[in-house]
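Heads up, model.cif below (mmCIF, C-alpha atoms; chains and numbers go by the auth columns):
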data_entry
#
loop_
_atom_site.group_PDB
_atom_site.id
_atom_site.type_symbol
_atom_site.label_atom_id
_atom_site.label_comp_id
_atom_site.label_asym_id
_atom_site.label_seq_id
_atom_site.Cartn_x
_atom_site.Cartn_y
_atom_site.Cartn_z
_atom_site.B_iso_or_equiv
_atom_site.auth_seq_id
_atom_site.auth_asym_id
ATOM 1 C CA MET A 1 115.129 28.791 -27.012 0.00 183 A
ATOM 2 C CA PRO A 2 113.687 29.271 -23.510 0.00 184 A
ATOM 3 C CA ASN A 3 112.095 26.535 -21.467 0.00 185 A
ATOM 4 C CA LYS A 4 108.524 27.828 -21.416 0.00 186 A
ATOM 5 C CA ARG A 5 107.199 25.161 -19.090 0.00 187 A
ATOM 6 C CA LEU A 6 109.886 25.851 -16.521 0.00 188 A
ATOM 7 C CA LYS A 7 109.294 29.607 -16.706 0.00 189 A
ATOM 8 C CA GLU A 8 105.549 29.132 -16.290 0.00 190 A
ATOM 9 C CA ALA A 9 106.040 26.827 -13.301 0.00 191 A
ATOM 10 C CA MET A 10 108.399 29.316 -11.664 0.00 192 A
ATOM 11 C CA ALA A 11 106.033 32.227 -12.293 0.00 193 A
ATOM 12 C CA THR A 12 103.057 30.312 -10.915 0.00 194 A
ATOM 13 C CA GLY A 13 104.892 29.514 -7.717 0.00 195 A
ATOM 14 C CA GLY A 14 106.554 32.898 -7.420 0.00 196 A
ATOM 15 C CA TRP A 15 110.049 31.454 -7.742 0.00 197 A
ATOM 16 C CA THR A 16 113.002 33.605 -8.819 0.00 198 A
ATOM 17 C CA CYS A 17 116.111 32.038 -10.320 0.00 199 A
ATOM 18 C CA SER A 18 118.107 32.820 -7.194 0.00 200 A
ATOM 19 C CA ALA A 19 115.476 31.375 -4.851 0.00 201 A
ATOM 20 C CA LEU A 20 115.162 28.169 -6.842 0.00 202 A
ATOM 21 C CA ALA A 21 118.950 27.908 -7.094 0.00 203 A
ATOM 22 C CA GLU A 22 119.261 28.160 -3.331 0.00 204 A
ATOM 23 C CA LYS A 23 116.547 25.561 -2.817 0.00 205 A
ATOM 24 C CA VAL A 24 118.184 23.107 -5.198 0.00 206 A
ATOM 25 C CA GLY A 25 121.769 23.826 -4.177 0.00 207 A
ATOM 26 C CA VAL A 26 123.145 25.180 -7.461 0.00 208 A
ATOM 27 C CA ASP A 27 124.308 28.610 -8.555 0.00 209 A
ATOM 28 C CA THR A 28 121.843 31.163 -9.890 0.00 210 A
ATOM 29 C CA LYS A 29 123.361 31.188 -13.377 0.00 211 A
ATOM 30 C CA SER A 30 122.610 27.486 -13.739 0.00 212 A
ATOM 31 C CA VAL A 31 118.909 28.085 -13.146 0.00 213 A
ATOM 32 C CA GLU A 32 118.981 31.037 -15.513 0.00 214 A
ATOM 33 C CA ARG A 33 120.418 28.777 -18.223 0.00 215 A
ATOM 34 C CA TRP A 34 117.752 26.154 -17.517 0.00 216 A
ATOM 35 C CA ALA A 35 115.062 28.757 -18.082 0.00 217 A
ATOM 36 C CA SER A 36 116.473 30.981 -20.835 0.00 218 A
ATOM 37 C CA GLN A 37 118.559 28.480 -22.831 0.00 219 A
ATOM 38 C CA ASN A 38 116.559 25.353 -22.140 0.00 220 A
ATOM 39 C CA ARG A 39 119.588 23.649 -20.607 0.00 221 A
ATOM 40 C CA THR A 40 118.914 20.315 -18.927 0.00 222 A
ATOM 41 C CA PRO A 41 120.052 19.997 -15.303 0.00 223 A
ATOM 42 C CA ARG A 42 121.605 16.916 -13.792 0.00 224 A
ATOM 43 C CA LEU A 43 119.075 14.324 -12.736 0.00 225 A
ATOM 44 C CA GLY A 44 119.395 15.002 -9.005 0.00 226 A
ATOM 45 C CA ALA A 45 119.005 18.760 -9.417 0.00 227 A
ATOM 46 C CA ALA A 46 116.078 18.265 -11.789 0.00 228 A
ATOM 47 C CA ARG A 47 114.263 16.138 -9.237 0.00 229 A
ATOM 48 C CA LEU A 48 114.754 18.691 -6.465 0.00 230 A
ATOM 49 C CA ALA A 49 113.655 21.564 -8.706 0.00 231 A
ATOM 50 C CA ALA A 50 110.548 19.739 -9.922 0.00 232 A
ATOM 51 C CA GLU A 51 109.648 18.862 -6.324 0.00 233 A
ATOM 52 C CA ALA A 52 110.019 22.499 -5.243 0.00 234 A
ATOM 53 C CA LEU A 53 107.908 23.671 -8.174 0.00 235 A
ATOM 54 C CA GLY A 54 105.283 20.974 -7.692 0.00 236 A
ATOM 55 C CA SER A 55 105.746 19.891 -11.293 0.00 237 A
ATOM 56 C CA ASP A 56 106.470 16.717 -13.221 0.00 238 A
ATOM 57 C CA MET A 57 110.214 16.531 -13.812 0.00 239 A
ATOM 58 C CA LEU A 58 109.816 14.876 -17.210 0.00 240 A
ATOM 59 C CA ALA A 59 107.298 17.521 -18.279 0.00 241 A
ATOM 60 C CA LEU A 60 109.865 20.222 -17.510 0.00 242 A
ATOM 61 C CA TRP A 61 112.781 18.347 -19.088 0.00 243 A
ATOM 62 C CA PRO A 62 111.578 15.645 -21.501 0.00 244 A
ATOM 63 C CA SER A 63 115.163 14.863 -22.470 0.00 245 A
ATOM 64 C CA LEU A 64 115.605 13.175 -19.084 0.00 246 A
ATOM 65 C CA ARG A 65 113.215 10.466 -20.225 0.00 247 A
ATOM 66 C CA GLN A 66 115.766 7.774 -20.974 0.00 248 A
ATOM 67 C CA PRO A 67 114.730 4.609 -22.785 0.00 249 A
ATOM 68 C CA ARG A 68 115.006 1.571 -20.573 0.00 250 A
ATOM 69 C CA THR A 69 117.962 -0.599 -21.448 0.00 251 A
ATOM 70 C CA ALA A 70 116.820 -3.893 -22.896 0.00 252 A
ATOM 71 C CA ARG A 71 117.620 -6.792 -20.607 0.00 253 A
ATOM 72 C CA ALA A 72 119.678 -9.669 -21.838 0.00 254 A
ATOM 73 C CA ILE A 73 117.790 -12.899 -22.482 0.00 255 A
ATOM 74 C CA SER A 74 116.845 -14.377 -19.139 0.00 256 A
ATOM 75 C CA PRO A 75 119.157 -17.115 -17.862 0.00 257 A
ATOM 76 C CA GLU A 76 115.960 -19.001 -17.022 0.00 258 A
ATOM 77 C CA LEU A 77 115.017 -19.326 -20.694 0.00 259 A
ATOM 78 C CA VAL A 78 116.338 -22.622 -22.024 0.00 260 A
ATOM 79 C CA ALA A 79 114.625 -22.586 -25.417 0.00 261 A
ATOM 80 C CA LEU A 80 111.834 -20.913 -27.356 0.00 262 A
ATOM 81 C CA TYR A 81 109.709 -22.723 -29.930 0.00 263 A
ATOM 82 C CA GLU A 82 107.505 -20.909 -32.421 0.00 264 A
ATOM 83 C CA GLN A 83 104.638 -23.332 -31.898 0.00 265 A
ATOM 84 C CA ARG A 84 103.805 -26.367 -29.814 0.00 266 A
ATOM 85 C CA ALA A 85 103.610 -28.477 -32.954 0.00 267 A
ATOM 86 C CA ASP A 86 107.392 -28.054 -33.250 0.00 268 A
ATOM 87 C CA LEU A 87 107.850 -30.211 -30.137 0.00 269 A
ATOM 88 C CA PRO A 88 107.093 -33.911 -30.154 0.00 270 A
ATOM 89 C CA ALA A 89 104.831 -35.054 -27.351 0.00 271 A
ATOM 90 C CA SER A 90 107.822 -36.986 -26.054 0.00 272 A
ATOM 91 C CA ALA A 91 109.422 -33.662 -25.041 0.00 273 A
ATOM 92 C CA PHE A 92 106.580 -33.084 -22.559 0.00 274 A
ATOM 93 C CA VAL A 93 106.568 -36.705 -21.389 0.00 275 A
ATOM 94 C CA ASP A 94 110.350 -36.818 -20.953 0.00 276 A
ATOM 95 C CA LEU A 95 110.229 -33.642 -18.862 0.00 277 A
ATOM 96 C CA LEU A 96 107.535 -35.036 -16.561 0.00 278 A
ATOM 97 C CA GLY A 97 109.326 -38.367 -16.343 0.00 279 A
ATOM 98 C CA LYS A 98 112.418 -36.711 -14.862 0.00 280 A
ATOM 99 C CA ALA A 99 110.542 -35.142 -11.955 0.00 281 A
ATOM 100 C CA THR A 100 111.433 -36.297 -8.454 0.00 282 A
ATOM 101 C CA LYS A 101 109.516 -33.767 -6.307 0.00 283 A
ATOM 102 C CA ASN A 102 106.748 -31.967 -8.199 0.00 284 A
ATOM 103 C CA ILE A 103 104.682 -32.404 -11.320 0.00 285 A
ATOM 104 C CA ASP A 104 102.175 -29.642 -12.031 0.00 286 A
ATOM 105 C CA VAL A 105 99.997 -29.574 -15.130 0.00 287 A
ATOM 106 C CA LEU A 106 97.659 -26.657 -15.796 0.00 288 A
ATOM 107 C CA VAL A 107 95.623 -26.950 -19.008 0.00 289 A
ATOM 108 C CA TYR A 108 92.126 -26.913 -20.361 0.00 290 A
ATOM 109 C CA ALA A 109 92.458 -30.354 -21.961 0.00 291 A
ATOM 110 C CA ALA A 110 95.823 -31.166 -23.617 0.00 292 A
ATOM 111 C CA VAL A 111 94.488 -34.521 -24.762 0.00 293 A
ATOM 112 C CA PHE A 112 97.417 -34.731 -27.171 0.00 294 A
ATOM 113 C CA LEU A 113 99.507 -36.129 -24.293 0.00 295 A
ATOM 114 C CA HIS A 114 97.392 -39.228 -23.746 0.00 296 A
ATOM 115 C CA GLU A 115 96.789 -39.659 -27.467 0.00 297 A
ATOM 116 C CA ALA A 116 100.512 -39.607 -28.237 0.00 298 A
ATOM 117 C CA TYR A 117 101.594 -41.445 -25.087 0.00 299 A
ATOM 118 C CA PRO A 118 98.909 -43.849 -23.808 0.00 300 A
ATOM 119 C CA ARG A 119 101.224 -44.866 -20.949 0.00 301 A
ATOM 120 C CA LEU A 120 101.075 -41.385 -19.377 0.00 302 A
ATOM 121 C CA ASN A 121 98.972 -42.465 -16.389 0.00 303 A
ATOM 122 C CA GLU A 122 101.395 -45.262 -15.632 0.00 304 A
ATOM 123 C CA LEU A 123 104.296 -42.813 -15.746 0.00 305 A
ATOM 124 C CA LEU A 124 102.507 -40.475 -13.319 0.00 306 A
ATOM 125 C CA ARG A 125 101.793 -43.370 -10.949 0.00 307 A
ATOM 126 C CA GLU A 126 105.466 -44.317 -11.038 0.00 308 A
ATOM 127 C CA ARG A 127 106.515 -40.763 -10.225 0.00 309 A
ATOM 128 C CA ALA A 128 104.028 -40.594 -7.351 0.00 310 A
ATOM 129 C CA THR A 129 105.262 -43.939 -5.992 0.00 311 A
ATOM 130 C CA GLU A 130 108.756 -42.455 -5.908 0.00 312 A
ATOM 131 C CA GLY A 131 107.500 -39.574 -3.744 0.00 313 A
ATOM 132 C CA CYS A 132 106.622 -37.021 -6.412 0.00 314 A
ATOM 133 C CA VAL A 133 103.569 -34.832 -5.737 0.00 315 A
ATOM 134 C CA VAL A 134 101.434 -34.778 -8.892 0.00 316 A
ATOM 135 C CA ARG A 135 98.794 -32.079 -9.414 0.00 317 A
ATOM 136 C CA ILE A 136 96.668 -31.976 -12.560 0.00 318 A
ATOM 137 C CA ALA A 137 94.354 -28.983 -13.180 0.00 319 A
ATOM 138 C CA LEU A 138 91.922 -29.430 -16.077 0.00 320 A
ATOM 139 C CA GLY A 139 89.365 -27.075 -17.551 0.00 321 A
ATOM 140 C CA ASP A 140 85.825 -27.312 -16.203 0.00 322 A
ATOM 141 C CA ALA A 141 83.724 -28.196 -19.236 0.00 323 A
ATOM 142 C CA GLU A 142 80.813 -26.234 -17.762 0.00 324 A
ATOM 143 C CA SER A 143 82.848 -23.055 -17.302 0.00 325 A
ATOM 144 C CA GLU A 144 81.948 -19.923 -19.225 0.00 326 A
ATOM 145 C CA ASN A 145 85.657 -19.254 -19.796 0.00 327 A
ATOM 146 C CA VAL A 146 86.119 -22.670 -21.376 0.00 328 A
ATOM 147 C CA ARG A 147 83.122 -22.049 -23.632 0.00 329 A
ATOM 148 C CA GLN A 148 84.508 -18.644 -24.602 0.00 330 A
ATOM 149 C CA ARG A 149 87.864 -20.174 -25.455 0.00 331 A
ATOM 150 C CA GLY A 150 86.101 -22.610 -27.750 0.00 332 A
ATOM 151 C CA GLU A 151 84.418 -19.739 -29.568 0.00 333 A
ATOM 152 C CA GLU A 152 87.747 -17.938 -29.943 0.00 334 A
ATOM 153 C CA GLU A 153 89.304 -21.024 -31.488 0.00 335 A
ATOM 154 C CA LYS A 154 86.237 -21.437 -33.710 0.00 336 A
ATOM 155 C CA PHE A 155 85.891 -25.020 -32.508 0.00 337 A
ATOM 156 C CA GLY A 156 82.277 -24.638 -31.434 0.00 338 A
ATOM 157 C CA ASP A 157 81.797 -26.848 -28.394 0.00 339 A
ATOM 158 C CA GLY A 158 84.898 -28.899 -29.244 0.00 340 A
ATOM 159 C CA ILE A 159 86.940 -27.672 -26.315 0.00 341 A
ATOM 160 C CA GLU A 160 84.231 -28.600 -23.831 0.00 342 A
ATOM 161 C CA SER A 161 84.292 -32.116 -25.277 0.00 343 A
ATOM 162 C CA ARG A 162 88.083 -32.197 -25.027 0.00 344 A
ATOM 163 C CA CYS A 163 87.905 -31.146 -21.367 0.00 345 A
ATOM 164 C CA ARG A 164 85.529 -34.007 -20.660 0.00 346 A
ATOM 165 C CA LEU A 165 87.770 -36.406 -22.572 0.00 347 A
ATOM 166 C CA ALA A 166 90.837 -35.222 -20.648 0.00 348 A
ATOM 167 C CA LEU A 167 89.042 -35.890 -17.369 0.00 349 A
ATOM 168 C CA MET A 168 88.151 -39.383 -18.584 0.00 350 A
ATOM 169 C CA HIS A 169 91.827 -40.010 -19.343 0.00 351 A
ATOM 170 C CA TYR A 170 92.956 -38.919 -15.865 0.00 352 A
ATOM 171 C CA ARG A 171 90.089 -40.422 -13.820 0.00 353 A
ATOM 172 C CA PRO A 172 91.817 -43.786 -13.325 0.00 354 A
ATOM 173 C CA LEU A 173 94.437 -41.896 -11.281 0.00 355 A
ATOM 174 C CA LEU A 174 91.900 -40.763 -8.678 0.00 356 A
ATOM 175 C CA GLY A 175 92.697 -42.267 -5.293 0.00 357 A
ATOM 176 C CA THR A 176 96.362 -42.796 -6.132 0.00 358 A
ATOM 177 C CA PRO A 177 98.467 -41.526 -3.197 0.00 359 A
ATOM 178 C CA GLY A 178 100.381 -38.411 -4.193 0.00 360 A
ATOM 179 C CA ILE A 179 98.140 -37.575 -7.174 0.00 361 A
ATOM 180 C CA GLU A 180 95.316 -35.035 -7.134 0.00 362 A
ATOM 181 C CA ILE A 181 93.117 -33.849 -9.971 0.00 363 A
ATOM 182 C CA ARG A 182 91.099 -30.651 -9.948 0.00 364 A
ATOM 183 C CA THR A 183 89.008 -28.700 -12.441 0.00 365 A
ATOM 184 C CA HIS A 184 89.168 -24.944 -12.890 0.00 366 A
ATOM 185 C CA GLY A 185 87.154 -22.312 -14.713 0.00 367 A
ATOM 186 C CA THR A 186 89.789 -19.590 -15.002 0.00 368 A
ATOM 187 C CA THR A 187 90.719 -17.604 -18.063 0.00 369 A
ATOM 188 C CA LEU A 188 93.800 -19.563 -19.059 0.00 370 A
ATOM 189 C CA TYR A 189 96.572 -17.456 -20.563 0.00 371 A
ATOM 190 C CA ASN A 190 99.128 -20.260 -20.699 0.00 372 A
ATOM 191 C CA SER A 191 99.192 -24.010 -20.340 0.00 373 A
ATOM 192 C CA LEU A 192 101.875 -25.049 -17.848 0.00 374 A
ATOM 193 C CA TYR A 193 103.789 -28.316 -17.581 0.00 375 A
ATOM 194 C CA ARG A 194 106.147 -28.285 -14.618 0.00 376 A
ATOM 195 C CA ALA A 195 108.630 -30.902 -13.469 0.00 377 A
ATOM 196 C CA ASP A 196 110.578 -29.770 -10.399 0.00 378 A
ATOM 197 C CA ASP A 197 112.599 -26.716 -11.505 0.00 379 A
ATOM 198 C CA GLN A 198 111.809 -26.985 -15.202 0.00 380 A
ATOM 199 C CA MET A 199 108.665 -25.926 -17.004 0.00 381 A
ATOM 200 C CA LEU A 200 107.188 -25.828 -20.491 0.00 382 A
ATOM 201 C CA VAL A 201 104.901 -22.827 -20.978 0.00 383 A
ATOM 202 C CA ASN A 202 102.500 -23.005 -23.928 0.00 384 A
ATOM 203 C CA ALA A 203 101.150 -19.517 -24.626 0.00 385 A
ATOM 204 C CA HIS A 204 97.496 -19.012 -25.510 0.00 386 A
ATOM 205 C CA VAL A 205 96.768 -16.641 -28.393 0.00 387 A
ATOM 206 C CA TRP A 206 93.303 -15.374 -29.234 0.00 388 A
ATOM 207 C CA GLY A 207 91.739 -17.375 -32.051 0.00 389 A
ATOM 208 C CA VAL A 208 94.642 -19.830 -32.347 0.00 390 A
ATOM 209 C CA ASN A 209 94.623 -23.409 -31.130 0.00 391 A
ATOM 210 C CA ALA A 210 97.351 -24.139 -28.574 0.00 392 A
ATOM 211 C CA PHE A 211 99.262 -26.391 -30.983 0.00 393 A
ATOM 212 C CA GLY A 212 99.953 -23.317 -33.145 0.00 394 A
ATOM 213 C CA THR A 213 101.214 -21.021 -30.369 0.00 395 A
ATOM 214 C CA PRO A 214 104.683 -20.557 -28.846 0.00 396 A
ATOM 215 C CA VAL A 215 106.254 -22.658 -26.135 0.00 397 A
ATOM 216 C CA TRP A 216 109.111 -21.575 -23.919 0.00 398 A
ATOM 217 C CA HIS A 217 111.194 -23.956 -21.842 0.00 399 A
ATOM 218 C CA LEU A 218 112.133 -22.444 -18.495 0.00 400 A
ATOM 219 C CA ARG A 219 114.555 -23.566 -15.809 0.00 401 A
ATOM 220 C CA ARG A 220 114.678 -21.965 -12.367 0.00 402 A
ATOM 221 C CA ALA A 221 118.033 -20.204 -12.105 0.00 403 A
ATOM 222 C CA GLY A 222 119.630 -17.919 -9.524 0.00 404 A
ATOM 223 C CA ALA A 223 117.737 -14.750 -8.720 0.00 405 A
ATOM 224 C CA GLY A 224 115.555 -14.962 -11.840 0.00 406 A
ATOM 225 C CA THR A 225 111.830 -14.384 -11.386 0.00 407 A
ATOM 226 C CA LEU A 226 110.445 -15.736 -14.660 0.00 408 A
ATOM 227 C CA PHE A 227 109.981 -19.323 -13.483 0.00 409 A
ATOM 228 C CA GLY A 228 108.568 -18.150 -10.172 0.00 410 A
ATOM 229 C CA THR A 229 105.977 -15.979 -11.891 0.00 411 A
ATOM 230 C CA TYR A 230 104.485 -18.951 -13.717 0.00 412 A
ATOM 231 C CA ALA A 231 104.794 -21.225 -10.681 0.00 413 A
ATOM 232 C CA ALA A 232 102.810 -18.676 -8.642 0.00 414 A
ATOM 233 C CA SER A 233 100.214 -18.546 -11.412 0.00 415 A
ATOM 234 C CA PHE A 234 99.703 -22.292 -11.100 0.00 416 A
ATOM 235 C CA GLU A 235 99.287 -22.028 -7.332 0.00 417 A
ATOM 236 C CA ALA A 236 96.641 -19.317 -7.691 0.00 418 A
ATOM 237 C CA VAL A 237 94.572 -21.394 -10.101 0.00 419 A
ATOM 238 C CA TRP A 238 95.079 -24.578 -8.090 0.00 420 A
ATOM 239 C CA ASN A 239 93.861 -22.973 -4.896 0.00 421 A
ATOM 240 C CA ALA A 240 90.657 -21.849 -6.611 0.00 422 A
ATOM 241 C CA ALA A 241 90.076 -25.147 -8.455 0.00 423 A
ATOM 242 C CA GLN A 242 87.618 -27.854 -7.415 0.00 424 A
ATOM 243 C CA PRO A 243 88.854 -31.343 -6.461 0.00 425 A
ATOM 244 C CA VAL A 244 87.540 -34.166 -8.627 0.00 426 A
ATOM 245 C CA GLU A 245 85.888 -36.837 -6.506 0.00 427 A
ATOM 246 C CA ARG A 246 85.940 -40.555 -7.207 0.00 428 A
ATOM 247 C CA SER A 247 82.623 -41.636 -8.651 0.00 429 A
#
Just give me the structure of the file as structure tokens.
Amino acid sequence: MPNKRLKEAMATGGWTCSALAEKVGVDTKSVERWASQNRTPRLGAARLAAEALGSDMLALWPSLRQPRTARAISPELVALYEQRADLPASAFVDLLGKATKNIDVLVYAAVFLHEAYPRLNELLRERATEGCVVRIALGDAESENVRQRGEEEKFGDGIESRCRLALMHYRPLLGTPGIEIRTHGTTLYNSLYRADDQMLVNAHVWGVNAFGTPVWHLRRAGAGTLFGTYAASFEAVWNAAQPVERS
């Protein structure tokens, strides 16, 4: 069966088999077999031929479209949980409590932390006293994105109330050296809880409350980029967020 696309491309450009063969650096019979028998050239020759013809290589030889090899599970992935409810709040608190350099929290509200562990503010003060930089980014209750998230979850204005409650929980930390609190109005795709080189990422799923969505535990490792991707996401939101002033 001939390769009709190749023949058409050659005819359009006025290429003979011998001319194309010379251009690509193969013998004429090879090009003849490509055209008349639909043989597939080696990848390098196919690229040169497609470039000479001004055509898409994969359109001429679809068989060169190789499926990408699936990567092994990232060495940065410590664990994957089907939903946040599978983790006790102590898992989040224990992670933050081990931090020595950085604590970053990016959420809309996450009031479950204070509800399950009323001593959270004291823990954060202790970490800051030991030299840890603590940054808390909470959802702006007046943000359109926060309101939209509430509608998706079918909570009405519940999430706005939770954002306000979260801010009330964290307000006593304002003015503490090493601790800063900001509010943001971004579309939040994941809630992030970082302690140094470890992070819990709680995915957001349309129409599902965060307690029912997956959590992955990441650890920065080697040349991996997974942890860094989420860390950069936090920085982008933090830089656009508004500092909360002491009232």
As an NGL selection string, please: the residues near A:Trp388 (cut-off 10 Å, all atoms listed in the file, same-chain neighbours under 6 positions excluded). :A and (331 or 333-335 or 371 or 395)
Expanded to explicit residues, what is the PyMOL selection byres ((chain A and resi 183) around 7) for this file, as a ChimeraX atom specification? /A:184-185,218-220
I'd like the neighbourhood of A:Leu408 as a short mmCIF file (atom, residue, chain, number, x, y, z; two decimals) with C-alpha atoms, in the frame of the given file, where a residue qualifies if any of its atoms comes within 9 Å (using all atoms listed in the file), though same-chain residues fewer than 6 positions away should be ignored.
data_model
loop_
_atom_site.label_atom_id
_atom_site.label_comp_id
_atom_site.auth_asym_id
_atom_site.auth_seq_id
_atom_site.Cartn_x
_atom_site.Cartn_y
_atom_site.Cartn_z
CA SER A 256 116.84 -14.38 -19.14
CA GLU A 258 115.96 -19.00 -17.02
CA LEU A 259 115.02 -19.33 -20.69
CA LEU A 400 112.13 -22.44 -18.50
CA ARG A 401 114.56 -23.57 -15.81
CA ARG A 402 114.68 -21.96 -12.37
#
All file atoms of stretch 231-240 of chain A boxed axis-aligned, 5 Å per side, centre plus edges, as AutoDock Vina command-line options:
--center_x 109.5 --center_y 19.3 --center_z -11.2 --size_x 18.4 --size_y 18.8 --size_z 22.0
Residues near A:Pro425, cut-off 8 Å, all atoms listed in the file, skip fewer than 4 positions along chain, as JSON, numbers by chain: {"A": [362, 363, 364, 365]}
Mind telling me what the PyMOL selection byres ((chain A and resi 274) around 10) catches here, as number ranges by chain? A: 269-273, 275-279, 295, 375-377, 381-382
Target residues per the PyMOL selection byres ((chain A and resi 419) around 12), formatted as a PyMOL selection string: chain A and resi 286-290+317-321+364-374+412-418+420-424
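For the residues A:Ala403, A:Val397, A:Val426, A:Ala385, ranking by smallest atom-to-atom distance to A:Tyr352 using all atoms listed in the file places A:Val426 first.
Proximity ranking of A:Ile285, A:Val208, A:Ala231, A:Leu225 relative to A:Met192 places A:Ala231 first, based on all atoms listed in the file.
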